[in-house]
file target16.cif (mmCIF, C-alpha atoms)
data_structure
loop_
_atom_site.label_atom_id
_atom_site.label_comp_id
_atom_site.auth_asym_id
_atom_site.auth_seq_id
_atom_site.Cartn_x
_atom_site.Cartn_y
_atom_site.Cartn_z
CA MET A 126 -37.44 -80.67 -29.86
CA LEU A 127 -35.52 -78.90 -27.10
CA SER A 128 -35.89 -75.13 -26.89
CA ILE A 129 -32.67 -73.59 -25.60
CA GLY A 130 -31.77 -69.98 -24.82
CA ILE A 131 -28.22 -68.65 -24.43
CA CYS A 132 -27.72 -65.25 -22.79
CA ASP A 133 -24.22 -63.76 -22.54
CA ASP A 134 -22.84 -60.39 -23.60
CA ASP A 135 -19.66 -62.09 -24.84
CA ILE A 136 -20.30 -62.83 -28.54
CA GLU A 137 -17.41 -65.28 -28.72
CA MET A 138 -18.78 -67.21 -25.74
CA THR A 139 -22.34 -67.42 -27.13
CA GLY A 140 -20.91 -68.76 -30.39
CA LYS A 141 -18.88 -71.36 -28.53
CA LEU A 142 -21.87 -72.52 -26.45
CA GLU A 143 -24.04 -72.73 -29.53
CA LYS A 144 -21.42 -74.80 -31.34
CA ILE A 145 -20.98 -77.21 -28.42
CA ILE A 146 -24.73 -77.77 -28.20
CA GLU A 147 -25.00 -78.26 -31.97
CA ASN A 148 -22.22 -80.86 -31.84
CA ILE A 149 -23.89 -82.72 -28.96
CA SER A 150 -27.24 -82.62 -30.79
CA ALA A 151 -25.73 -83.94 -34.02
CA SER A 152 -23.85 -86.78 -32.32
CA LYS A 153 -26.91 -87.92 -30.35
CA LEU A 154 -29.52 -87.17 -33.05
CA LEU A 155 -31.32 -84.64 -30.89
CA HIS A 156 -33.35 -81.74 -32.29
CA CYS A 157 -32.58 -78.40 -30.65
CA ASN A 158 -33.78 -74.88 -31.37
CA ILE A 159 -31.24 -72.36 -30.04
CA ASP A 160 -31.84 -68.63 -29.54
CA ILE A 161 -29.01 -66.23 -28.68
CA PHE A 162 -29.37 -63.12 -26.50
CA TYR A 163 -26.58 -60.65 -25.83
CA ASP A 164 -28.16 -58.99 -22.80
CA GLY A 165 -30.67 -59.84 -20.09
CA CYS A 166 -33.18 -57.16 -21.12
CA THR A 167 -33.67 -58.67 -24.58
CA LEU A 168 -34.21 -62.13 -23.10
CA LYS A 169 -36.67 -60.69 -20.57
CA ASP A 170 -38.67 -58.90 -23.27
CA TYR A 171 -38.74 -62.00 -25.49
CA MET A 172 -40.04 -64.23 -22.69
CA ASN A 173 -42.55 -61.58 -21.66
CA GLN A 174 -44.14 -62.08 -25.11
CA GLY A 175 -44.98 -65.67 -24.15
CA ASN A 176 -41.89 -67.48 -25.47
CA ARG A 177 -40.56 -70.31 -23.31
CA TYR A 178 -37.47 -72.50 -23.09
CA ASP A 179 -36.55 -75.88 -21.70
CA ILE A 180 -33.01 -74.75 -20.81
CA ILE A 181 -31.47 -71.28 -20.50
CA TYR A 182 -27.71 -70.81 -20.22
CA LEU A 183 -26.98 -67.54 -18.40
CA ASP A 184 -23.91 -65.47 -17.67
CA ILE A 185 -23.96 -63.58 -14.36
CA GLU A 186 -22.24 -60.27 -15.03
CA MET A 187 -23.83 -58.59 -18.05
CA ARG A 188 -24.57 -55.03 -19.08
CA GLU A 189 -27.99 -53.47 -18.34
CA MET A 190 -29.44 -56.48 -16.48
CA ASP A 191 -27.30 -59.14 -14.84
CA GLY A 192 -28.01 -62.86 -14.90
CA ILE A 193 -29.44 -62.94 -11.38
CA GLU A 194 -31.98 -60.18 -12.00
CA VAL A 195 -33.14 -61.64 -15.31
CA ALA A 196 -33.46 -65.07 -13.64
CA LYS A 197 -35.75 -63.59 -10.97
CA PHE A 198 -37.99 -62.30 -13.74
CA ILE A 199 -37.86 -65.65 -15.59
CA ARG A 200 -38.90 -67.48 -12.43
CA MET A 201 -42.04 -65.32 -12.19
CA LEU A 202 -43.03 -66.54 -15.66
CA ASP A 203 -41.76 -70.11 -15.61
CA GLU A 204 -40.97 -72.26 -12.58
CA ASP A 205 -39.85 -75.23 -14.66
CA VAL A 206 -37.21 -73.93 -17.06
CA LEU A 207 -33.75 -75.23 -16.18
CA LEU A 208 -31.35 -72.35 -15.54
CA ILE A 209 -27.68 -73.19 -16.02
CA TYR A 210 -25.17 -70.48 -15.17
CA VAL A 211 -21.98 -70.28 -17.19
CA SER A 212 -19.68 -67.84 -15.45
CA SER A 213 -16.21 -67.11 -14.08
CA TYR A 214 -17.66 -65.64 -10.88
CA GLU A 215 -18.11 -68.35 -8.26
CA SER A 216 -18.47 -65.65 -5.59
CA TYR A 217 -22.13 -65.25 -6.65
CA LEU A 218 -23.06 -68.85 -5.84
CA ILE A 219 -24.94 -67.98 -2.63
CA ASP A 220 -26.98 -65.32 -4.47
CA LEU A 221 -28.13 -67.93 -7.00
CA PHE A 222 -30.09 -70.03 -4.50
CA GLU A 223 -33.13 -67.75 -4.79
CA VAL A 224 -33.61 -68.54 -8.49
CA GLU A 225 -32.94 -72.29 -8.11
CA PRO A 226 -30.43 -72.91 -10.90
CA PHE A 227 -30.01 -76.44 -12.18
CA ARG A 228 -26.20 -76.27 -12.39
CA PHE A 229 -23.24 -73.87 -12.45
CA ILE A 230 -20.55 -74.27 -15.15
CA LYS A 231 -17.29 -72.44 -14.56
CA LYS A 232 -15.49 -70.61 -17.35
CA PRO A 233 -13.31 -71.53 -19.17
CA ILE A 234 -15.64 -74.32 -20.24
CA ASN A 235 -14.65 -77.94 -19.96
CA GLU A 236 -16.60 -79.52 -22.82
CA SER A 237 -16.82 -82.93 -21.12
CA VAL A 238 -18.36 -81.32 -18.03
CA PHE A 239 -20.68 -79.25 -20.22
CA GLU A 240 -21.88 -82.37 -22.08
CA GLU A 241 -22.43 -84.28 -18.84
CA ILE A 242 -24.57 -81.47 -17.42
CA PHE A 243 -26.44 -81.10 -20.72
CA PHE A 244 -27.54 -84.74 -20.60
CA LYS A 245 -28.52 -84.51 -16.95
CA ALA A 246 -30.74 -81.57 -17.88
CA TYR A 247 -32.09 -83.45 -20.89
CA GLN A 248 -33.05 -86.46 -18.76
CA LYS A 249 -34.80 -84.22 -16.25
CA ILE A 250 -36.79 -82.54 -19.02
CA ILE A 251 -37.78 -85.87 -20.57
CA GLN A 252 -39.00 -87.17 -17.23
CA ARG A 253 -40.88 -84.01 -16.29
CA CYS A 254 -42.05 -82.29 -19.45
CA ALA A 255 -43.67 -84.62 -21.93
CA TYR A 256 -45.18 -82.85 -24.93
CA PHE A 257 -48.36 -83.29 -26.90
CA GLU A 258 -47.69 -82.67 -30.59
CA TYR A 259 -50.20 -81.78 -33.30
CA ARG A 260 -50.40 -80.29 -36.78
CA TYR A 261 -52.61 -77.39 -37.86
CA ASN A 262 -52.57 -75.35 -41.08
CA LYS A 263 -49.45 -77.21 -42.28
CA MET A 264 -47.51 -76.22 -39.14
CA ASP A 265 -46.27 -78.53 -36.36
CA TYR A 266 -46.85 -77.52 -32.75
CA LYS A 267 -46.13 -78.93 -29.31
CA ILE A 268 -47.62 -78.24 -25.87
CA ARG A 269 -46.37 -79.39 -22.50
CA VAL A 270 -48.83 -82.02 -21.30
CA LYS A 271 -48.75 -80.67 -17.74
CA ASP A 272 -50.16 -77.33 -19.01
CA ILE A 273 -53.21 -78.92 -20.67
CA LEU A 274 -56.47 -78.64 -18.71
CA TYR A 275 -58.64 -80.65 -21.10
CA PHE A 276 -59.47 -81.43 -24.72
CA GLU A 277 -62.88 -80.78 -26.26
CA SER A 278 -64.05 -82.33 -29.52
CA LYS A 279 -66.62 -80.66 -31.77
CA GLY A 280 -67.10 -82.24 -35.15
CA ARG A 281 -63.70 -82.51 -36.80
CA ILE A 282 -62.11 -79.89 -34.53
CA VAL A 283 -60.31 -80.70 -31.27
CA ARG A 284 -59.72 -77.73 -28.98
CA VAL A 285 -56.99 -77.76 -26.35
CA PHE A 286 -57.64 -75.67 -23.22
CA LEU A 287 -54.53 -74.56 -21.33
CA LYS A 288 -53.59 -73.12 -17.94
CA SER A 289 -52.73 -69.81 -19.59
CA ALA A 290 -56.42 -69.31 -20.50
CA GLU A 291 -55.62 -69.45 -24.20
CA ASP A 292 -56.70 -72.40 -26.28
CA ARG A 293 -55.44 -74.17 -29.39
CA LYS A 294 -57.19 -76.24 -32.03
CA PHE A 295 -56.47 -78.81 -34.70
CA TYR A 296 -58.29 -81.28 -36.94
CA GLY A 297 -58.51 -84.73 -35.43
CA LYS A 298 -60.39 -87.24 -33.32
CA LEU A 299 -60.48 -87.36 -29.55
CA ASP A 300 -60.07 -91.16 -29.68
CA GLU A 301 -56.67 -90.64 -31.31
CA VAL A 302 -55.67 -88.01 -28.73
CA GLU A 303 -56.67 -90.32 -25.90
CA LYS A 304 -54.61 -93.14 -27.39
CA ALA A 305 -51.58 -90.89 -27.88
CA LEU A 306 -51.66 -89.79 -24.23
CA SER A 307 -52.37 -93.21 -22.72
CA SER A 308 -48.69 -94.13 -22.37
CA GLY A 309 -47.67 -90.85 -20.73
CA LYS A 310 -46.93 -90.17 -17.07
CA ILE A 311 -49.89 -87.80 -16.66
CA PRO A 312 -53.29 -89.56 -16.64
CA PHE A 313 -56.25 -88.25 -18.63
CA LEU A 314 -59.89 -89.21 -18.05
CA ARG A 315 -62.43 -89.50 -20.87
CA ILE A 316 -65.42 -88.16 -18.94
CA HIS A 317 -67.57 -87.65 -22.04
CA GLN A 318 -67.49 -88.43 -25.75
CA SER A 319 -66.42 -84.79 -26.20
CA PHE A 320 -64.13 -84.25 -23.17
CA LEU A 321 -60.72 -85.64 -22.21
CA VAL A 322 -59.54 -84.17 -18.89
CA ASN A 323 -56.10 -83.89 -17.27
CA PHE A 324 -56.41 -85.69 -13.94
CA ASN A 325 -53.87 -83.37 -12.28
CA HIS A 326 -56.12 -80.35 -12.87
CA ILE A 327 -59.27 -81.87 -11.38
CA SER A 328 -59.85 -80.00 -8.12
CA SER A 329 -63.02 -81.92 -7.21
CA MET A 330 -65.43 -84.46 -8.65
CA SER A 331 -68.98 -85.64 -8.03
CA PHE A 332 -70.76 -88.53 -9.70
CA THR A 333 -72.03 -86.25 -12.49
CA LYS A 334 -69.40 -83.53 -12.98
CA VAL A 335 -65.78 -82.49 -12.49
CA LEU A 336 -64.39 -79.12 -11.45
CA ILE A 337 -61.13 -78.15 -13.17
CA ASP A 338 -58.79 -75.70 -11.46
CA LYS A 339 -61.73 -74.64 -9.23
CA ASP A 340 -63.63 -72.69 -11.88
CA ILE A 341 -64.34 -74.85 -14.94
CA GLU A 342 -67.24 -77.28 -14.63
CA LEU A 343 -67.63 -80.19 -17.06
CA HIS A 344 -70.32 -82.86 -16.99
CA ILE A 345 -69.63 -86.58 -16.98
CA SER A 346 -71.81 -88.48 -19.44
CA GLU A 347 -74.26 -90.86 -17.77
CA GLU A 348 -72.84 -94.02 -19.35
CA ARG A 349 -69.31 -93.15 -18.12
CA GLN A 350 -70.08 -92.07 -14.56
CA ARG A 351 -69.37 -95.34 -12.78
CA LYS A 352 -66.21 -96.09 -14.78
CA ILE A 353 -64.85 -92.56 -14.31
CA ARG A 354 -65.45 -92.72 -10.58
CA THR A 355 -63.60 -96.04 -10.37
CA ASN A 356 -60.69 -94.80 -12.49
CA TYR A 357 -60.44 -91.54 -10.55
CA LEU A 358 -60.24 -93.32 -7.19
CA HIS A 359 -57.75 -95.83 -8.58
CA ILE A 360 -55.42 -93.07 -9.78
CA LEU A 361 -55.86 -91.14 -6.53
CA LYS A 362 -55.03 -94.21 -4.48
CA GLY A 363 -51.96 -94.82 -6.61
CA GLU A 364 -50.73 -91.26 -6.03
CA MET A 365 -51.26 -91.52 -2.28
CA ASN A 366 -49.29 -94.75 -2.14
CA GLU A 367 -46.24 -93.38 -3.99
#
call {"tool": "encode", "arguments": {"input": "target16.cif", "output": "structure tokens"}}
result
Amino acid sequence: MLSIGICDDDIEMTGKLEKIIENISASKLLHCNIDIFYDGCTLKDYMNQGNRYDIIYLDIEMREMDGIEVAKFIRMLDEDVLLIYVSSYESYLIDLFEVEPFRFIKKPINESVFEEIFFKAYQKIIQRCAYFEYRYNKMDYKIRVKDILYFESKGRIVRVFLKSAEDRKFYGKLDEVEKALSSGKIPFLRIHQSFLVNFNHISSMSFTKVLIDKDIELHISEERQRKIRTNYLHILKGEMNE
């Protein structure tokens, strides 16, 4: 599912953008969750509570907080969200470089151009932000794989440790998690019967342990040490040769 935010103080424009996205989603069988914000302050407060988006459509000139200022705040929280400006004011284009927008769409909106840019954004998200999905207490959740440090299995519970220092949990088996992630772009190493580690967060490794993000130490089980070392070096060599 794509999480999309629209921020514009023009109610008619937000409705139009929402409708265009809904039409694109329906025609291509995509699942999108769309949130509407009528000023930058509300969007800022909502994201400050931990909410994140894949794409945010922003106007530039808005009351209280303009689209450039809110984008600066967003960038402090999330470097990956794709910011797409929808505005009549091309004179601000130079000012936008600092917040690294994905695209600029000029008002009035050309729907063909909008759709083309939407799919370019979608392809970028698919390539960069794969998600791990799980179910807990009859609710479905998803986590960006790149944000996962490691999985830990204890009995029937699998805990997911994240960059944000929080952790999640669900009922399942680590074997199933490992299998689900095996076809993804980000490699994971099964260093122990109870630990599955994101290779990209391993800051160093010895024969008996790994250090994750420089402060989390996990031990490699004795029977896996040689295989893990071989796999680690193989992945590292592959990255260096890209």
call {"tool": "atom_distance", "arguments": {"input": "target16.cif", "atom1": "atom CA of Ile199 of chain A", "atom2": "atom CA of Ser128 of chain A"}}
result
14.9 Å
call {"tool": "closest_atom_pairs", "arguments": {"input": "target16.cif", "of": "segment 181-242 of chain A", "to": "segment 138-146 of chain A", "cutoff": "9 Å", "atoms": "all atoms listed in the file", "output": "JSON lines"}}
result
{"residue": "A:Tyr182", "atom": "CA", "partner": "A:Leu142", "partner_atom": "CA", "distance": 8.7}
{"residue": "A:Ile234", "atom": "CA", "partner": "A:Leu142", "partner_atom": "CA", "distance": 9.0}
{"residue": "A:Glu236", "atom": "CA", "partner": "A:Ile145", "partner_atom": "CA", "distance": 7.5}
{"residue": "A:Phe239", "atom": "CA", "partner": "A:Ile145", "partner_atom": "CA", "distance": 8.5}
{"residue": "A:Glu240", "atom": "CA", "partner": "A:Ile146", "partner_atom": "CA", "distance": 8.2}
call {"tool": "atom_distance", "arguments": {"input": "target16.cif", "atom1": "atom CA of Leu221 of chain A", "atom2": "atom CA of Arg177 of chain A"}}
result
20.6 Å
call {"tool": "atom_distance", "arguments": {"input": "target16.cif", "atom1": "atom CA of Ile282 of chain A", "atom2": "atom CA of His156 of chain A"}}
result
28.9 Å
call {"tool": "resolve_selection", "arguments": {"input": "target16.cif", "expression": "the PyMOL selection byres ((chain A and resi 193) around 10)", "output": "PyMOL selection string"}}
result
chain A and resi 165+183-187+190-192+194-199+210+217+220-224
call {"tool": "resolve_selection", "arguments": {"input": "target16.cif", "expression": "the PyMOL selection byres ((chain A and resi 278) around 12)", "output": "list in words"}}
result
Tyr275, Phe276, Glu277, Lys279, Gly280, Arg281, Ile282, Val283, Arg284, Val285, Phe286, Arg293, Lys294, Phe295, Tyr296, Gly297, Lys298, Leu299, Asp300, Glu301, Val302, Glu303, Arg315, His317, Gln318, Ser319, Phe320, Leu321 and Val322 of chain A
call {"tool": "residues_around", "arguments": {"input": "target16.cif", "residues": "segment 266-269 of chain A", "least_positions_apart": "2", "cutoff": "8 Å", "atoms": "all atoms listed in the file", "output": "PyMOL selection string"}}
result
chain A and resi 254-261+264+271-273
call {"tool": "build_atoms", "arguments": {"input": "target16.cif", "residues": "segment 277-301 of chain A", "atoms": "N, CA, C and O atoms", "output": "compact mmCIF listing (two decimals), in the frame of the given file"}}
result
# COMPACT_ATOMS: atom_id res chain seq x y z
N GLU A 277 -61.46 -80.74 -25.90
CA GLU A 277 -62.88 -80.78 -26.26
C GLU A 277 -63.00 -81.04 -27.76
O GLU A 277 -62.35 -80.37 -28.57
N SER A 278 -63.84 -81.99 -28.12
CA SER A 278 -64.05 -82.33 -29.52
C SER A 278 -65.40 -81.83 -29.99
O SER A 278 -66.43 -82.06 -29.35
N LYS A 279 -65.39 -81.12 -31.12
CA LYS A 279 -66.62 -80.66 -31.77
C LYS A 279 -66.49 -80.90 -33.26
O LYS A 279 -65.73 -80.21 -33.94
N GLY A 280 -67.22 -81.89 -33.74
CA GLY A 280 -67.10 -82.24 -35.15
C GLY A 280 -65.70 -82.73 -35.45
O GLY A 280 -65.18 -83.62 -34.79
N ARG A 281 -65.06 -82.12 -36.42
CA ARG A 281 -63.70 -82.51 -36.80
C ARG A 281 -62.63 -81.71 -36.06
O ARG A 281 -61.44 -81.93 -36.24
N ILE A 282 -63.05 -80.76 -35.23
CA ILE A 282 -62.11 -79.89 -34.53
C ILE A 282 -61.91 -80.35 -33.09
O ILE A 282 -62.87 -80.61 -32.36
N VAL A 283 -60.65 -80.46 -32.67
CA VAL A 283 -60.31 -80.70 -31.27
C VAL A 283 -59.69 -79.43 -30.71
O VAL A 283 -58.71 -78.91 -31.26
N ARG A 284 -60.27 -78.92 -29.64
CA ARG A 284 -59.72 -77.73 -28.98
C ARG A 284 -58.94 -78.16 -27.74
O ARG A 284 -59.35 -79.08 -27.03
N VAL A 285 -57.84 -77.48 -27.49
CA VAL A 285 -56.99 -77.76 -26.35
C VAL A 285 -57.04 -76.55 -25.41
O VAL A 285 -56.64 -75.45 -25.79
N PHE A 286 -57.54 -76.75 -24.20
CA PHE A 286 -57.64 -75.67 -23.22
C PHE A 286 -56.46 -75.75 -22.27
O PHE A 286 -56.17 -76.80 -21.70
N LEU A 287 -55.79 -74.60 -22.07
CA LEU A 287 -54.53 -74.56 -21.33
C LEU A 287 -54.63 -73.73 -20.06
O LEU A 287 -55.56 -72.93 -19.89
N LYS A 288 -53.64 -73.89 -19.18
CA LYS A 288 -53.59 -73.12 -17.94
C LYS A 288 -53.53 -71.63 -18.19
O LYS A 288 -54.02 -70.83 -17.40
N SER A 289 -52.92 -71.23 -19.29
CA SER A 289 -52.73 -69.81 -19.59
C SER A 289 -53.99 -69.11 -20.07
O SER A 289 -53.96 -67.96 -20.44
N ALA A 290 -55.11 -69.85 -20.09
CA ALA A 290 -56.42 -69.31 -20.50
C ALA A 290 -56.57 -69.20 -22.01
O ALA A 290 -57.66 -68.94 -22.51
N GLU A 291 -55.50 -69.39 -22.74
CA GLU A 291 -55.62 -69.45 -24.20
C GLU A 291 -56.05 -70.86 -24.59
O GLU A 291 -56.09 -71.77 -23.77
N ASP A 292 -56.42 -71.05 -25.83
CA ASP A 292 -56.70 -72.40 -26.28
C ASP A 292 -56.18 -72.59 -27.71
O ASP A 292 -55.97 -71.63 -28.43
N ARG A 293 -55.94 -73.83 -28.06
CA ARG A 293 -55.44 -74.17 -29.39
C ARG A 293 -56.47 -75.08 -30.06
O ARG A 293 -57.36 -75.61 -29.39
N LYS A 294 -56.28 -75.33 -31.35
CA LYS A 294 -57.19 -76.24 -32.03
C LYS A 294 -56.48 -76.93 -33.18
O LYS A 294 -55.47 -76.45 -33.70
N PHE A 295 -57.01 -78.07 -33.56
CA PHE A 295 -56.47 -78.81 -34.70
C PHE A 295 -57.56 -79.77 -35.19
O PHE A 295 -58.56 -80.02 -34.50
N TYR A 296 -57.36 -80.30 -36.40
CA TYR A 296 -58.29 -81.28 -36.94
C TYR A 296 -57.88 -82.67 -36.45
O TYR A 296 -56.71 -83.06 -36.54
N GLY A 297 -58.84 -83.40 -35.91
CA GLY A 297 -58.51 -84.73 -35.43
C GLY A 297 -59.67 -85.36 -34.68
O GLY A 297 -60.78 -84.83 -34.64
N LYS A 298 -59.40 -86.51 -34.09
CA LYS A 298 -60.39 -87.24 -33.32
C LYS A 298 -59.91 -87.40 -31.89
O LYS A 298 -58.73 -87.66 -31.64
N LEU A 299 -60.84 -87.26 -30.95
CA LEU A 299 -60.48 -87.36 -29.55
C LEU A 299 -60.02 -88.78 -29.19
O LEU A 299 -59.19 -88.95 -28.30
N ASP A 300 -60.53 -89.78 -29.91
CA ASP A 300 -60.07 -91.16 -29.68
C ASP A 300 -58.57 -91.27 -29.93
O ASP A 300 -57.85 -91.94 -29.19
N GLU A 301 -58.08 -90.60 -30.97
CA GLU A 301 -56.67 -90.64 -31.31
C GLU A 301 -55.83 -89.89 -30.27
O GLU A 301 -54.72 -90.31 -29.93
